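Asker: Contents of model.pdb (PDB, C-alpha atoms, pLDDT in the B column):
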ATOM      1  CA  MET A 294      31.591  23.407 -38.399  1.00 51.00           C
ATOM      2  CA  ALA A 295      28.858  20.909 -37.974  1.00 65.00           C
ATOM      3  CA  SER A 296      26.056  22.990 -36.687  1.00 89.00           C
ATOM      4  CA  THR A 297      22.410  22.103 -36.615  1.00 94.00           C
ATOM      5  CA  ILE A 298      20.418  24.019 -39.198  1.00 95.00           C
ATOM      6  CA  ILE A 299      16.664  24.327 -39.224  1.00 95.00           C
ATOM      7  CA  GLY A 300      16.030  25.428 -42.801  1.00 93.00           C
ATOM      8  CA  ALA A 301      13.429  27.948 -43.869  1.00 92.00           C
ATOM      9  CA  GLY A 302      10.924  25.294 -44.911  1.00 90.00           C
ATOM     10  CA  ILE A 303      11.225  23.220 -41.773  1.00 94.00           C
ATOM     11  CA  THR A 304       9.144  23.239 -38.606  1.00 96.00           C
ATOM     12  CA  ILE A 305      10.157  21.458 -35.431  1.00 96.00           C
ATOM     13  CA  GLU A 306       7.658  21.071 -32.634  1.00 97.00           C
ATOM     14  CA  GLY A 307       9.336  19.728 -29.566  1.00 97.00           C
ATOM     15  CA  GLU A 308      12.652  19.814 -27.877  1.00 96.00           C
ATOM     16  CA  ILE A 309      16.023  20.432 -29.481  1.00 96.00           C
ATOM     17  CA  SER A 310      19.202  20.045 -27.516  1.00 96.00           C
ATOM     18  CA  THR A 311      22.762  20.095 -28.765  1.00 95.00           C
ATOM     19  CA  ASP A 312      26.338  20.747 -27.679  1.00 92.00           C
ATOM     20  CA  GLU A 313      26.999  22.717 -30.835  1.00 91.00           C
ATOM     21  CA  ASP A 314      25.702  25.697 -32.777  1.00 94.00           C
ATOM     22  CA  VAL A 315      22.131  26.007 -33.943  1.00 96.00           C
ATOM     23  CA  VAL A 316      20.912  28.143 -36.816  1.00 96.00           C
ATOM     24  CA  VAL A 317      17.163  28.573 -37.141  1.00 96.00           C
ATOM     25  CA  ALA A 318      15.788  29.881 -40.419  1.00 96.00           C
ATOM     26  CA  GLY A 319      12.475  28.032 -40.124  1.00 96.00           C
ATOM     27  CA  THR A 320      10.094  27.503 -37.250  1.00 96.00           C
ATOM     28  CA  VAL A 321      10.734  26.032 -33.820  1.00 97.00           C
ATOM     29  CA  ARG A 322       8.105  25.537 -31.144  1.00 97.00           C
ATOM     30  CA  GLY A 323       8.957  24.069 -27.797  1.00 97.00           C
ATOM     31  CA  LYS A 324      12.388  24.256 -26.287  1.00 97.00           C
ATOM     32  CA  LEU A 325      15.812  24.952 -27.723  1.00 97.00           C
ATOM     33  CA  THR A 326      18.963  24.238 -25.775  1.00 96.00           C
ATOM     34  CA  ALA A 327      22.475  24.637 -27.151  1.00 96.00           C
ATOM     35  CA  LYS A 328      25.876  24.930 -25.537  1.00 94.00           C
ATOM     36  CA  GLU A 329      27.245  27.187 -28.258  1.00 94.00           C
ATOM     37  CA  ALA A 330      25.858  29.952 -30.425  1.00 96.00           C
ATOM     38  CA  VAL A 331      22.193  30.114 -31.362  1.00 97.00           C
ATOM     39  CA  THR A 332      21.227  32.188 -34.388  1.00 97.00           C
ATOM     40  CA  ILE A 333      17.612  32.993 -35.172  1.00 97.00           C
ATOM     41  CA  GLU A 334      17.722  34.355 -38.674  1.00 96.00           C
ATOM     42  CA  HIS A 335      15.575  37.017 -40.231  1.00 96.00           C
ATOM     43  CA  GLY A 336      12.316  35.373 -41.264  1.00 96.00           C
ATOM     44  CA  ALA A 337      12.550  32.633 -38.674  1.00 97.00           C
ATOM     45  CA  THR A 338       9.888  32.075 -36.032  1.00 97.00           C
ATOM     46  CA  VAL A 339      10.770  30.670 -32.658  1.00 98.00           C
ATOM     47  CA  GLU A 340       8.172  30.103 -29.987  1.00 98.00           C
ATOM     48  CA  ALA A 341      10.338  28.476 -27.416  1.00 97.00           C
ATOM     49  CA  ASP A 342      12.437  28.991 -24.363  1.00 97.00           C
ATOM     50  CA  VAL A 343      15.981  29.309 -25.609  1.00 97.00           C
ATOM     51  CA  GLN A 344      19.154  28.504 -23.759  1.00 96.00           C
ATOM     52  CA  GLY A 345      22.559  28.937 -25.314  1.00 95.00           C
ATOM     53  CA  GLY A 346      26.088  30.206 -25.071  1.00 96.00           C
ATOM     54  CA  SER A 347      25.272  33.239 -27.126  1.00 96.00           C
ATOM     55  CA  LEU A 348      22.164  34.227 -29.006  1.00 97.00           C
ATOM     56  CA  VAL A 349      21.691  36.399 -32.071  1.00 97.00           C
ATOM     57  CA  VAL A 350      18.110  37.185 -33.035  1.00 97.00           C
ATOM     58  CA  GLY A 351      17.188  38.603 -36.424  1.00 97.00           C
ATOM     59  CA  GLY A 352      13.740  37.074 -36.619  1.00 97.00           C
ATOM     60  CA  SER A 353      10.778  36.587 -34.354  1.00 97.00           C
ATOM     61  CA  LEU A 354      11.189  35.067 -30.919  1.00 98.00           C
ATOM     62  CA  THR A 355       8.558  34.456 -28.273  1.00 98.00           C
ATOM     63  CA  GLY A 356       9.931  32.906 -25.142  1.00 97.00           C
ATOM     64  CA  ASN A 357      12.405  33.346 -22.364  1.00 97.00           C
ATOM     65  CA  VAL A 358      16.075  33.463 -23.192  1.00 96.00           C
ATOM     66  CA  THR A 359      19.089  32.553 -21.115  1.00 97.00           C
ATOM     67  CA  ALA A 360      22.581  32.889 -22.542  1.00 97.00           C
ATOM     68  CA  SER A 361      25.821  32.238 -20.696  1.00 96.00           C
ATOM     69  CA  GLU A 362      27.634  34.888 -22.723  1.00 95.00           C
ATOM     70  CA  ARG A 363      25.562  37.387 -24.643  1.00 96.00           C
ATOM     71  CA  VAL A 364      22.337  38.167 -26.449  1.00 97.00           C
ATOM     72  CA  ASP A 365      22.142  40.427 -29.498  1.00 97.00           C
ATOM     73  CA  LEU A 366      18.778  41.565 -30.770  1.00 97.00           C
ATOM     74  CA  GLN A 367      19.338  42.796 -34.299  1.00 97.00           C
ATOM     75  CA  SER A 368      17.462  45.417 -36.204  1.00 96.00           C
ATOM     76  CA  GLY A 369      14.254  43.917 -37.542  1.00 96.00           C
ATOM     77  CA  SER A 370      13.964  41.344 -34.797  1.00 97.00           C
ATOM     78  CA  ARG A 371      10.862  40.970 -32.685  1.00 97.00           C
ATOM     79  CA  VAL A 372      11.297  39.505 -29.243  1.00 97.00           C
ATOM     80  CA  ILE A 373       8.682  38.919 -26.571  1.00 98.00           C
ATOM     81  CA  GLY A 374      10.076  37.397 -23.416  1.00 97.00           C
ATOM     82  CA  ASN A 375      12.617  37.800 -20.704  1.00 97.00           C
ATOM     83  CA  VAL A 376      16.283  37.932 -21.531  1.00 97.00           C
ATOM     84  CA  LYS A 377      18.952  36.822 -19.109  1.00 96.00           C
ATOM     85  CA  ALA A 378      22.603  37.267 -20.045  1.00 97.00           C
ATOM     86  CA  ALA A 379      25.653  39.150 -18.846  1.00 95.00           C
ATOM     87  CA  ARG A 380      25.776  41.165 -22.064  1.00 95.00           C
ATOM     88  CA  VAL A 381      22.728  42.267 -23.990  1.00 96.00           C
ATOM     89  CA  THR A 382      22.509  44.535 -27.001  1.00 96.00           C
ATOM     90  CA  ILE A 383      19.286  45.762 -28.547  1.00 96.00           C
ATOM     91  CA  ALA A 384      19.840  47.327 -31.943  1.00 97.00           C
ATOM     92  CA  ASP A 385      17.961  50.316 -33.234  1.00 97.00           C
ATOM     93  CA  GLY A 386      14.947  48.909 -35.044  1.00 96.00           C
ATOM     94  CA  ALA A 387      14.575  45.854 -32.842  1.00 97.00           C
ATOM     95  CA  GLN A 388      11.230  45.315 -31.177  1.00 97.00           C
ATOM     96  CA  PHE A 389      11.415  44.003 -27.658  1.00 97.00           C
ATOM     97  CA  LYS A 390       8.958  43.420 -24.876  1.00 97.00           C
ATOM     98  CA  GLY A 391      10.140  41.827 -21.676  1.00 96.00           C
ATOM     99  CA  ASN A 392      12.636  42.065 -18.885  1.00 96.00           C
ATOM    100  CA  VAL A 393      16.375  42.169 -19.155  1.00 96.00           C
ATOM    101  CA  ASP A 394      18.434  40.568 -16.425  1.00 96.00           C
ATOM    102  CA  MET A 395      22.160  41.174 -16.688  1.00 94.00           C
ATOM    103  CA  ASP A 396      22.756  39.537 -13.366  1.00 82.00           C
ATOM    104  CA  VAL A 397      24.249  42.685 -11.746  1.00 78.00           C
TER     105      VAL A 397
ATOM    106  CA  MET B 293      32.541  15.818 -43.652  1.00 46.00           C
ATOM    107  CA  PRO B 294      30.105  13.277 -42.256  1.00 50.00           C
ATOM    108  CA  MET B 295      29.510   9.925 -43.859  1.00 49.00           C
ATOM    109  CA  THR B 296      27.869  10.102 -47.204  1.00 46.00           C
ATOM    110  CA  PRO B 297      25.566   7.510 -48.649  1.00 46.00           C
ATOM    111  CA  ALA B 298      27.278   4.675 -50.469  1.00 46.00           C
ATOM    112  CA  ARG B 299      26.417   5.915 -53.936  1.00 43.00           C
ATOM    113  CA  PRO B 300      24.706   8.920 -55.354  1.00 40.00           C
ATOM    114  CA  GLN B 301      21.053   8.452 -56.013  1.00 41.00           C
ATOM    115  CA  PRO B 302      18.781   9.867 -58.688  1.00 40.00           C
ATOM    116  CA  ARG B 303      17.767  12.943 -56.748  1.00 39.00           C
ATOM    117  CA  THR B 304      20.904  13.814 -54.911  1.00 36.00           C
ATOM    118  CA  PRO B 305      20.088  15.266 -51.533  1.00 37.00           C
ATOM    119  CA  VAL B 306      21.643  18.559 -50.582  1.00 39.00           C
ATOM    120  CA  HIS B 307      24.425  17.239 -48.474  1.00 39.00           C
ATOM    121  CA  GLY B 308      26.714  19.534 -46.626  1.00 39.00           C
ATOM    122  CA  GLY B 309      25.766  22.470 -48.808  1.00 37.00           C
ATOM    123  CA  ARG B 310      26.047  25.337 -46.388  1.00 39.00           C
ATOM    124  CA  SER B 311      23.806  28.183 -47.374  1.00 39.00           C
ATOM    125  CA  SER B 312      23.188  27.112 -50.945  1.00 38.00           C
ATOM    126  CA  GLY B 313      20.063  25.138 -50.117  1.00 44.00           C
ATOM    127  CA  GLU B 314      17.606  27.703 -48.843  1.00 47.00           C
ATOM    128  CA  SER B 315      15.505  25.215 -47.006  1.00 58.00           C
ATOM    129  CA  GLU B 316      18.137  22.722 -46.060  1.00 82.00           C
ATOM    130  CA  ALA B 317      17.937  21.413 -42.570  1.00 93.00           C
ATOM    131  CA  ARG B 318      20.436  19.443 -40.641  1.00 94.00           C
ATOM    132  CA  ILE B 319      20.303  17.856 -37.212  1.00 95.00           C
ATOM    133  CA  SER B 320      23.984  17.579 -36.483  1.00 94.00           C
ATOM    134  CA  ARG B 321      25.836  14.878 -34.641  1.00 92.00           C
ATOM    135  CA  GLY B 322      25.501  15.670 -30.961  1.00 91.00           C
ATOM    136  CA  ALA B 323      22.096  17.235 -31.445  1.00 95.00           C
ATOM    137  CA  ARG B 324      18.947  15.659 -30.154  1.00 96.00           C
ATOM    138  CA  VAL B 325      15.391  16.437 -31.195  1.00 97.00           C
ATOM    139  CA  ARG B 326      12.334  15.144 -29.422  1.00 97.00           C
ATOM    140  CA  GLY B 327       9.186  16.103 -31.219  1.00 96.00           C
ATOM    141  CA  ARG B 328       7.779  16.506 -34.644  1.00 96.00           C
ATOM    142  CA  ILE B 329       9.722  17.666 -37.682  1.00 96.00           C
ATOM    143  CA  THR B 330       7.729  18.833 -40.683  1.00 96.00           C
ATOM    144  CA  GLY B 331       8.480  20.933 -43.716  1.00 94.00           C
ATOM    145  CA  THR B 332       9.130  21.299 -47.377  1.00 92.00           C
ATOM    146  CA  GLY B 333      12.899  21.153 -47.654  1.00 90.00           C
ATOM    147  CA  ASP B 334      15.522  18.462 -47.472  1.00 94.00           C
ATOM    148  CA  LEU B 335      16.575  17.108 -44.121  1.00 96.00           C
ATOM    149  CA  VAL B 336      19.840  15.515 -43.048  1.00 96.00           C
ATOM    150  CA  ILE B 337      19.874  13.797 -39.686  1.00 96.00           C
ATOM    151  CA  GLU B 338      23.276  13.094 -38.164  1.00 96.00           C
ATOM    152  CA  GLY B 339      22.191  13.161 -34.535  1.00 96.00           C
ATOM    153  CA  GLN B 340      19.272  11.725 -32.628  1.00 97.00           C
ATOM    154  CA  VAL B 341      15.629  12.227 -33.438  1.00 97.00           C
ATOM    155  CA  GLU B 342      12.643  10.896 -31.541  1.00 97.00           C
ATOM    156  CA  GLY B 343       9.315  11.673 -33.144  1.00 96.00           C
ATOM    157  CA  ASP B 344       7.546  11.934 -36.440  1.00 96.00           C
ATOM    158  CA  VAL B 345       9.479  13.210 -39.431  1.00 97.00           C
ATOM    159  CA  ASN B 346       7.553  14.457 -42.421  1.00 96.00           C
ATOM    160  CA  VAL B 347       9.337  16.461 -45.097  1.00 96.00           C
ATOM    161  CA  ARG B 348       8.513  16.967 -48.715  1.00 94.00           C
ATOM    162  CA  GLY B 349      12.169  17.013 -49.686  1.00 94.00           C
ATOM    163  CA  ASP B 350      14.724  14.265 -49.406  1.00 96.00           C
ATOM    164  CA  LEU B 351      15.702  12.708 -46.123  1.00 97.00           C
ATOM    165  CA  THR B 352      19.157  11.422 -45.269  1.00 97.00           C
ATOM    166  CA  ILE B 353      19.809   9.527 -42.084  1.00 97.00           C
ATOM    167  CA  ALA B 354      23.583   9.593 -41.880  1.00 97.00           C
ATOM    168  CA  GLU B 355      25.837   6.961 -40.412  1.00 96.00           C
ATOM    169  CA  GLY B 356      25.849   7.282 -36.649  1.00 96.00           C
ATOM    170  CA  ALA B 357      22.410   8.849 -36.541  1.00 97.00           C
ATOM    171  CA  THR B 358      19.593   7.310 -34.537  1.00 97.00           C
ATOM    172  CA  VAL B 359      15.988   7.919 -35.491  1.00 97.00           C
ATOM    173  CA  THR B 360      13.051   6.546 -33.537  1.00 97.00           C
ATOM    174  CA  SER B 361       9.909   7.574 -35.291  1.00 95.00           C
ATOM    175  CA  PRO B 362       6.464   6.050 -35.626  1.00 94.00           C
ATOM    176  CA  SER B 363       6.210   7.506 -39.095  1.00 95.00           C
ATOM    177  CA  VAL B 364       8.772   8.848 -41.520  1.00 96.00           C
ATOM    178  CA  GLY B 365       7.535  10.568 -44.660  1.00 96.00           C
ATOM    179  CA  ALA B 366       9.788  12.129 -47.284  1.00 96.00           C
ATOM    180  CA  GLY B 367      10.751  12.194 -50.936  1.00 95.00           C
ATOM    181  CA  ALA B 368      13.825  10.092 -51.514  1.00 96.00           C
ATOM    182  CA  VAL B 369      15.115   8.466 -48.346  1.00 96.00           C
ATOM    183  CA  THR B 370      18.721   7.422 -47.801  1.00 97.00           C
ATOM    184  CA  ILE B 371      19.527   5.563 -44.621  1.00 97.00           C
ATOM    185  CA  ALA B 372      23.040   4.871 -43.381  1.00 97.00           C
ATOM    186  CA  GLY B 373      22.237   5.069 -39.690  1.00 97.00           C
ATOM    187  CA  THR B 374      19.773   3.430 -37.352  1.00 97.00           C
ATOM    188  CA  LEU B 375      16.056   3.770 -37.843  1.00 97.00           C
ATOM    189  CA  GLU B 376      13.235   2.318 -35.838  1.00 97.00           C
ATOM    190  CA  GLY B 377       9.972   3.146 -37.527  1.00 96.00           C
ATOM    191  CA  ASN B 378       8.023   2.984 -40.731  1.00 96.00           C
ATOM    192  CA  VAL B 379       9.028   4.820 -43.865  1.00 96.00           C
ATOM    193  CA  ALA B 380       6.569   6.080 -46.470  1.00 95.00           C
ATOM    194  CA  ALA B 381       8.563   7.711 -49.239  1.00 95.00           C
ATOM    195  CA  THR B 382       7.302   9.291 -52.427  1.00 95.00           C
ATOM    196  CA  GLY B 383      10.687   8.536 -53.967  1.00 94.00           C
ATOM    197  CA  PRO B 384      13.187   5.716 -53.712  1.00 94.00           C
ATOM    198  CA  VAL B 385      14.410   4.310 -50.422  1.00 95.00           C
ATOM    199  CA  ARG B 386      18.006   3.221 -50.084  1.00 96.00           C
ATOM    200  CA  LEU B 387      19.569   1.388 -47.180  1.00 96.00           C
ATOM    201  CA  GLY B 388      23.335   1.823 -47.156  1.00 96.00           C
ATOM    202  CA  PRO B 389      25.785  -0.811 -45.921  1.00 96.00           C
ATOM    203  CA  SER B 390      25.771   0.616 -42.394  1.00 96.00           C
ATOM    204  CA  ALA B 391      21.983   0.937 -42.121  1.00 97.00           C
ATOM    205  CA  ARG B 392      20.122  -0.711 -39.261  1.00 97.00           C
ATOM    206  CA  VAL B 393      16.409  -0.520 -39.888  1.00 96.00           C
ATOM    207  CA  ARG B 394      13.462  -2.030 -38.053  1.00 97.00           C
ATOM    208  CA  GLY B 395      10.165  -1.115 -39.600  1.00 96.00           C
ATOM    209  CA  ASP B 396       8.230  -1.141 -42.836  1.00 95.00           C
ATOM    210  CA  LEU B 397       9.549   0.497 -45.978  1.00 94.00           C
ATOM    211  CA  GLN B 398       7.403   1.972 -48.683  1.00 93.00           C
ATOM    212  CA  GLY B 399       8.738   3.776 -51.725  1.00 93.00           C
ATOM    213  CA  THR B 400       8.841   3.865 -55.494  1.00 92.00           C
ATOM    214  CA  ALA B 401      11.878   1.643 -55.237  1.00 90.00           C
ATOM    215  CA  VAL B 402      13.726   0.093 -52.344  1.00 91.00           C
ATOM    216  CA  ALA B 403      17.423  -0.705 -52.471  1.00 93.00           C
ATOM    217  CA  ILE B 404      19.170  -2.574 -49.694  1.00 94.00           C
ATOM    218  CA  ASP B 405      22.939  -2.591 -49.876  1.00 95.00           C
ATOM    219  CA  ASP B 406      25.073  -5.500 -48.815  1.00 95.00           C
ATOM    220  CA  GLY B 407      25.758  -5.196 -45.104  1.00 95.00           C
ATOM    221  CA  ALA B 408      22.547  -3.408 -44.263  1.00 96.00           C
ATOM    222  CA  ARG B 409      20.377  -4.944 -41.586  1.00 96.00           C
ATOM    223  CA  PHE B 410      16.667  -4.770 -42.019  1.00 96.00           C
ATOM    224  CA  ALA B 411      13.690  -6.272 -40.249  1.00 96.00           C
ATOM    225  CA  GLY B 412      10.289  -5.361 -41.558  1.00 95.00           C
ATOM    226  CA  ARG B 413       8.065  -5.290 -44.582  1.00 93.00           C
ATOM    227  CA  LEU B 414       8.803  -3.994 -48.025  1.00 91.00           C
ATOM    228  CA  ASP B 415       6.024  -2.338 -49.898  1.00 85.00           C
ATOM    229  CA  CYS B 416       6.875  -1.303 -53.423  1.00 79.00           C
ATOM    230  CA  GLU B 417       5.986  -2.220 -56.956  1.00 73.00           C
ATOM    231  CA  PHE B 418       8.385  -4.553 -58.654  1.00 69.00           C
ATOM    232  CA  GLU B 419       8.506  -7.293 -61.237  1.00 70.00           C
ATOM    233  CA  LEU B 420       8.535 -10.820 -59.918  1.00 70.00           C
ATOM    234  CA  PRO B 421      10.218 -13.423 -62.092  1.00 72.00           C
ATOM    235  CA  PRO B 422       7.641 -15.798 -63.605  1.00 73.00           C
ATOM    236  CA  GLU B 423       8.804 -18.758 -61.552  1.00 74.00           C
ATOM    237  CA  LEU B 424       7.896 -16.838 -58.402  1.00 70.00           C
ATOM    238  CA  GLY B 425       4.267 -16.425 -59.229  1.00 61.00           C
ATOM    239  CA  GLY B 426       4.609 -14.056 -62.115  1.00 50.00           C
ATOM    240  CA  ALA B 427       2.398 -11.368 -60.698  1.00 47.00           C
ATOM    241  CA  SER B 428       3.697  -8.174 -62.183  1.00 44.00           C
ATOM    242  CA  GLN B 429       3.054  -6.279 -59.007  1.00 45.00           C
ATOM    243  CA  GLY B 430       4.256  -7.873 -55.891  1.00 44.00           C
ATOM    244  CA  GLU B 431       4.641  -7.221 -52.265  1.00 47.00           C
ATOM    245  CA  SER B 432       7.145  -9.044 -50.243  1.00 48.00           C
ATOM    246  CA  ARG B 433       5.870  -9.609 -46.786  1.00 45.00           C
ATOM    247  CA  GLY B 434       7.528 -11.099 -43.809  1.00 40.00           C
ATOM    248  CA  ARG B 435      10.849 -10.474 -42.288  1.00 40.00           C
ATOM    249  CA  ALA B 436      13.811  -9.976 -44.463  1.00 43.00           C
ATOM    250  CA  SER B 437      17.207 -10.177 -42.903  1.00 40.00           C
ATOM    251  CA  ALA B 438      18.579  -8.382 -45.815  1.00 40.00           C
ATOM    252  CA  ARG B 439      21.248  -9.776 -48.014  1.00 36.00           C
ATOM    253  CA  ARG B 440      20.024  -7.901 -51.050  1.00 36.00           C
TER     254      ARG B 440
END
For the structure just supplied, provide its representation as structure tokens.
Answerer:
Amino acid sequence: MASTIIGAGITIEGEISTDEDVVVAGTVRGKLTAKEAVTIEHGATVEADVQGGSLVVGGSLTGNVTASERVDLQSGSRVIGNVKAARVTIADGAQFKGNVDMDV
Amino acid sequence: MPMTPARPQPRTPVHGGRSSGESEARISRGARVRGRITGTGDLVIEGQVEGDVNVRGDLTIAEGATVTSPSVGAGAVTIAGTLEGNVAATGPVRLGPSARVRGDLQGTAVAIDDGARFAGRLDCEFELPPELGGASQGESRGRASARR
């Protein structure tokens, strides 16, 4: 497991792209592209369009999301933006404003 | 495990520690960042970074990593990869045997291992032997094709 980790004290402004997993515990502004799983942890702030294999959000996300597999918005998350994925779950306690496109 | 620096340094960077370091950050091999990286924690770069890097913790540029950055600021800096840009460290700077650095280095101490390639200016306080001018604080200017 050699995933990219954006620690809680770290801010990246710009573009991140990777073939592997990304875990965000800090702040990302710009664009985030990963082939594998993207995890936005509780306490993290992401203001970016996010593309990934799968996406789990526990923190705050502002931006449009596209996942090739699934998107899970966990309890306590706050998401503003459009979500596009074949499978989407929104947990009780998640805040969400935007459109969901499951490509039906 | 990715390449580690040649030898441990005074303030050992959090290296490979998974969730132990709360504010650890790692740009993995295969990852590419274009933009600015700032923050308080340690940072390990194994992939590619283009843009300013400014962290208050320690910075490790691992072997195989490529960093192109007008300005790199950090605590202790360990370089085993390729860096094009200037380093201003509040701690020591170490160039490992596989380091390829073009730019100016500033730190409390600068160590260049055998095998490292370096073109740039060194800016740190050190003792010059008396036969070389004897000034107790010196700056070596010019290009050093480093052999220690």
Asker: Mind telling me what the PyMOL selection byres ((chain B and resi 320) around 7) catches here, as a compact mmCIF listing (two decimals) with C-alpha atoms, keeping the file's coordinate frame?
Answerer:
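Okay, this is what ended up in out29.txt:
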# COMPACT_ATOMS: atom_id res chain seq x y z
CA ALA A 295 28.86 20.91 -37.97
CA SER A 296 26.06 22.99 -36.69
CA THR A 297 22.41 22.10 -36.62
CA ARG B 318 20.44 19.44 -40.64
CA ILE B 319 20.30 17.86 -37.21
CA ARG B 321 25.84 14.88 -34.64
CA GLY B 322 25.50 15.67 -30.96
CA ALA B 323 22.10 17.24 -31.44
CA ILE B 337 19.87 13.80 -39.69
CA GLU B 338 23.28 13.09 -38.16
CA GLY B 339 22.19 13.16 -34.53
Asker: Which residues come within 8 Å of region 302-314 of chain A, counting all atoms listed in the file, excluding same-chain residues fewer than 3 positions away, as a PyMOL selection string?
Answerer: (chain A and resi 295-297+299+319-331) or (chain B and resi 315-317+322-333+347)
Asker: For a test of reading the model, state the distance in Å between CA of Asn346 (chain B) and CA of Ser361 (chain B), rounded to one decimal.
Answerer: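 Going from CA of Asn346 (chain B) over to CA of Ser361 (chain B) covers 10.2 Å.
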Asker: Once the PyMOL selection byres ((chain A and resi 359) around 7) is applied to the coordinates I shared, what remains selected? I want it as a list in words.
Answerer: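 That selection, the PyMOL selection byres ((chain A and resi 359) around 7), comes back as Val343, Gln344, Gly345, Asn357, Val358, Ala360, Ser361, Val376, Lys377 and Ala378 of chain A.
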Asker: Could you take the residues named above and write them with C-alpha atoms, as an mmCIF file, in the coordinates of the input?
Answerer:
data_model
loop_
_atom_site.group_PDB
_atom_site.id
_atom_site.type_symbol
_atom_site.label_atom_id
_atom_site.label_comp_id
_atom_site.auth_asym_id
_atom_site.auth_seq_id
_atom_site.Cartn_x
_atom_site.Cartn_y
_atom_site.Cartn_z
ATOM 1 C CA VAL A 343 15.981 29.309 -25.609
ATOM 2 C CA GLN A 344 19.154 28.504 -23.759
ATOM 3 C CA GLY A 345 22.559 28.937 -25.314
ATOM 4 C CA ASN A 357 12.405 33.346 -22.364
ATOM 5 C CA VAL A 358 16.075 33.463 -23.192
ATOM 6 C CA ALA A 360 22.581 32.889 -22.542
ATOM 7 C CA SER A 361 25.821 32.238 -20.696
ATOM 8 C CA VAL A 376 16.283 37.932 -21.531
ATOM 9 C CA LYS A 377 18.952 36.822 -19.109
ATOM 10 C CA ALA A 378 22.603 37.267 -20.045
#
Asker: Could you name the residues that touch Arg363 (chain A) at 8 Å or less, counting only C-alpha atoms, but leaving out those on the same chain fewer than 4 positions away, as an NGL selection string?
Answerer: :A and (346-348 or 378-381)
Asker: Expressed in Å to a single decimal, how great is the separation between CA of Val397 (chain A) and CA of Thr332 (chain A)?
Answerer: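 Distance between the two atoms: 25.1 Å.
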Asker: Translate the PyMOL selection byres ((chain A and resi 374) around 8), as applied to the file shown, into an explicit residue set as a list in words.
Answerer: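 Evaluating the PyMOL selection byres ((chain A and resi 374) around 8) on these coordinates yields Leu354, Thr355, Gly356, Asn357, Val358, Val372, Ile373, Asn375, Val376, Phe389, Lys390, Gly391 and Asn392 of chain A.
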Asker: Report as a PyMOL selection string all protein, DNA and RNA residues lying within 12 Å of Ile371 (chain B), evaluated on all atoms listed in the file, omitting residues in the same chain fewer than 2 positions from it.
Answerer: chain B and resi 295-299+301+305+335-338+350-359+364+368-369+373-376+379+384-394+397+402-405+408-410
Asker: Rounded to one decimal, what separation in Å do you get between CA of Ala381 (chain B) and CA of Glu423 (chain B)?
Answerer: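 Taking CA of Ala381 (chain B) as the start and CA of Glu423 (chain B) as the end point, the length is 29.2 Å.
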Asker: Choose the residue, out of B:Asp396, B:Glu342, B:Asp406, B:Glu419, that has the smallest atom-to-atom separation from chain A; count all atoms listed in the file.
Answerer: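 Among the listed residues, B:Glu342 lies closest to chain A.
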Asker: The centre and edge lengths of an axis-aligned box containing all atoms of region 318-333 of chain B present in the file, extended by 5 Å on each side, are to be given in Å to one decimal, as AutoDock Vina command-line options.
Answerer:
--center_x 16.8 --center_y 18.1 --center_z -38.5 --size_x 28.1 --size_y 16.4 --size_z 28.2
Asker: Which of these, B:Cys416, B:Leu424, B:Ala380, B:Val341, has the shortest distance to chain A once you count only C-alpha atoms?
Answerer: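 For chain A, the nearest of the given residues is B:Val341.
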Asker: Using all atoms listed in the file, which residue out of B:Thr370, B:Thr360, B:Thr400, B:Gln340 lies closest to chain A?
Answerer: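 Checking each candidate against chain A, we get B:Gln340 as the closest.
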Asker: Name the residues in contact with Val350 (chain A) at a cut-off of 9 Å, using only C-alpha atoms, excluding same-chain residues fewer than 2 positions from it; report them as a PDB file with C-alpha atoms, in the frame of the given file.
Answerer:
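Dumped to result_29.pdb:
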ATOM      1  CA  VAL A 331      22.193  30.114 -31.362  1.00 97.00           C
ATOM      2  CA  THR A 332      21.227  32.188 -34.388  1.00 97.00           C
ATOM      3  CA  ILE A 333      17.612  32.993 -35.172  1.00 97.00           C
ATOM      4  CA  GLU A 334      17.722  34.355 -38.674  1.00 96.00           C
ATOM      5  CA  HIS A 335      15.575  37.017 -40.231  1.00 96.00           C
ATOM      6  CA  LEU A 348      22.164  34.227 -29.006  1.00 97.00           C
ATOM      7  CA  GLY A 352      13.740  37.074 -36.619  1.00 97.00           C
ATOM      8  CA  SER A 353      10.778  36.587 -34.354  1.00 97.00           C
ATOM      9  CA  LEU A 354      11.189  35.067 -30.919  1.00 98.00           C
ATOM     10  CA  VAL A 364      22.337  38.167 -26.449  1.00 97.00           C
ATOM     11  CA  ASP A 365      22.142  40.427 -29.498  1.00 97.00           C
ATOM     12  CA  LEU A 366      18.778  41.565 -30.770  1.00 97.00           C
ATOM     13  CA  GLN A 367      19.338  42.796 -34.299  1.00 97.00           C
ATOM     14  CA  SER A 368      17.462  45.417 -36.204  1.00 96.00           C
ATOM     15  CA  GLY A 369      14.254  43.917 -37.542  1.00 96.00           C
ATOM     16  CA  SER A 370      13.964  41.344 -34.797  1.00 97.00           C
ATOM     17  CA  ARG A 371      10.862  40.970 -32.685  1.00 97.00           C
ATOM     18  CA  VAL A 372      11.297  39.505 -29.243  1.00 97.00           C
TER      19      VAL A 372
END
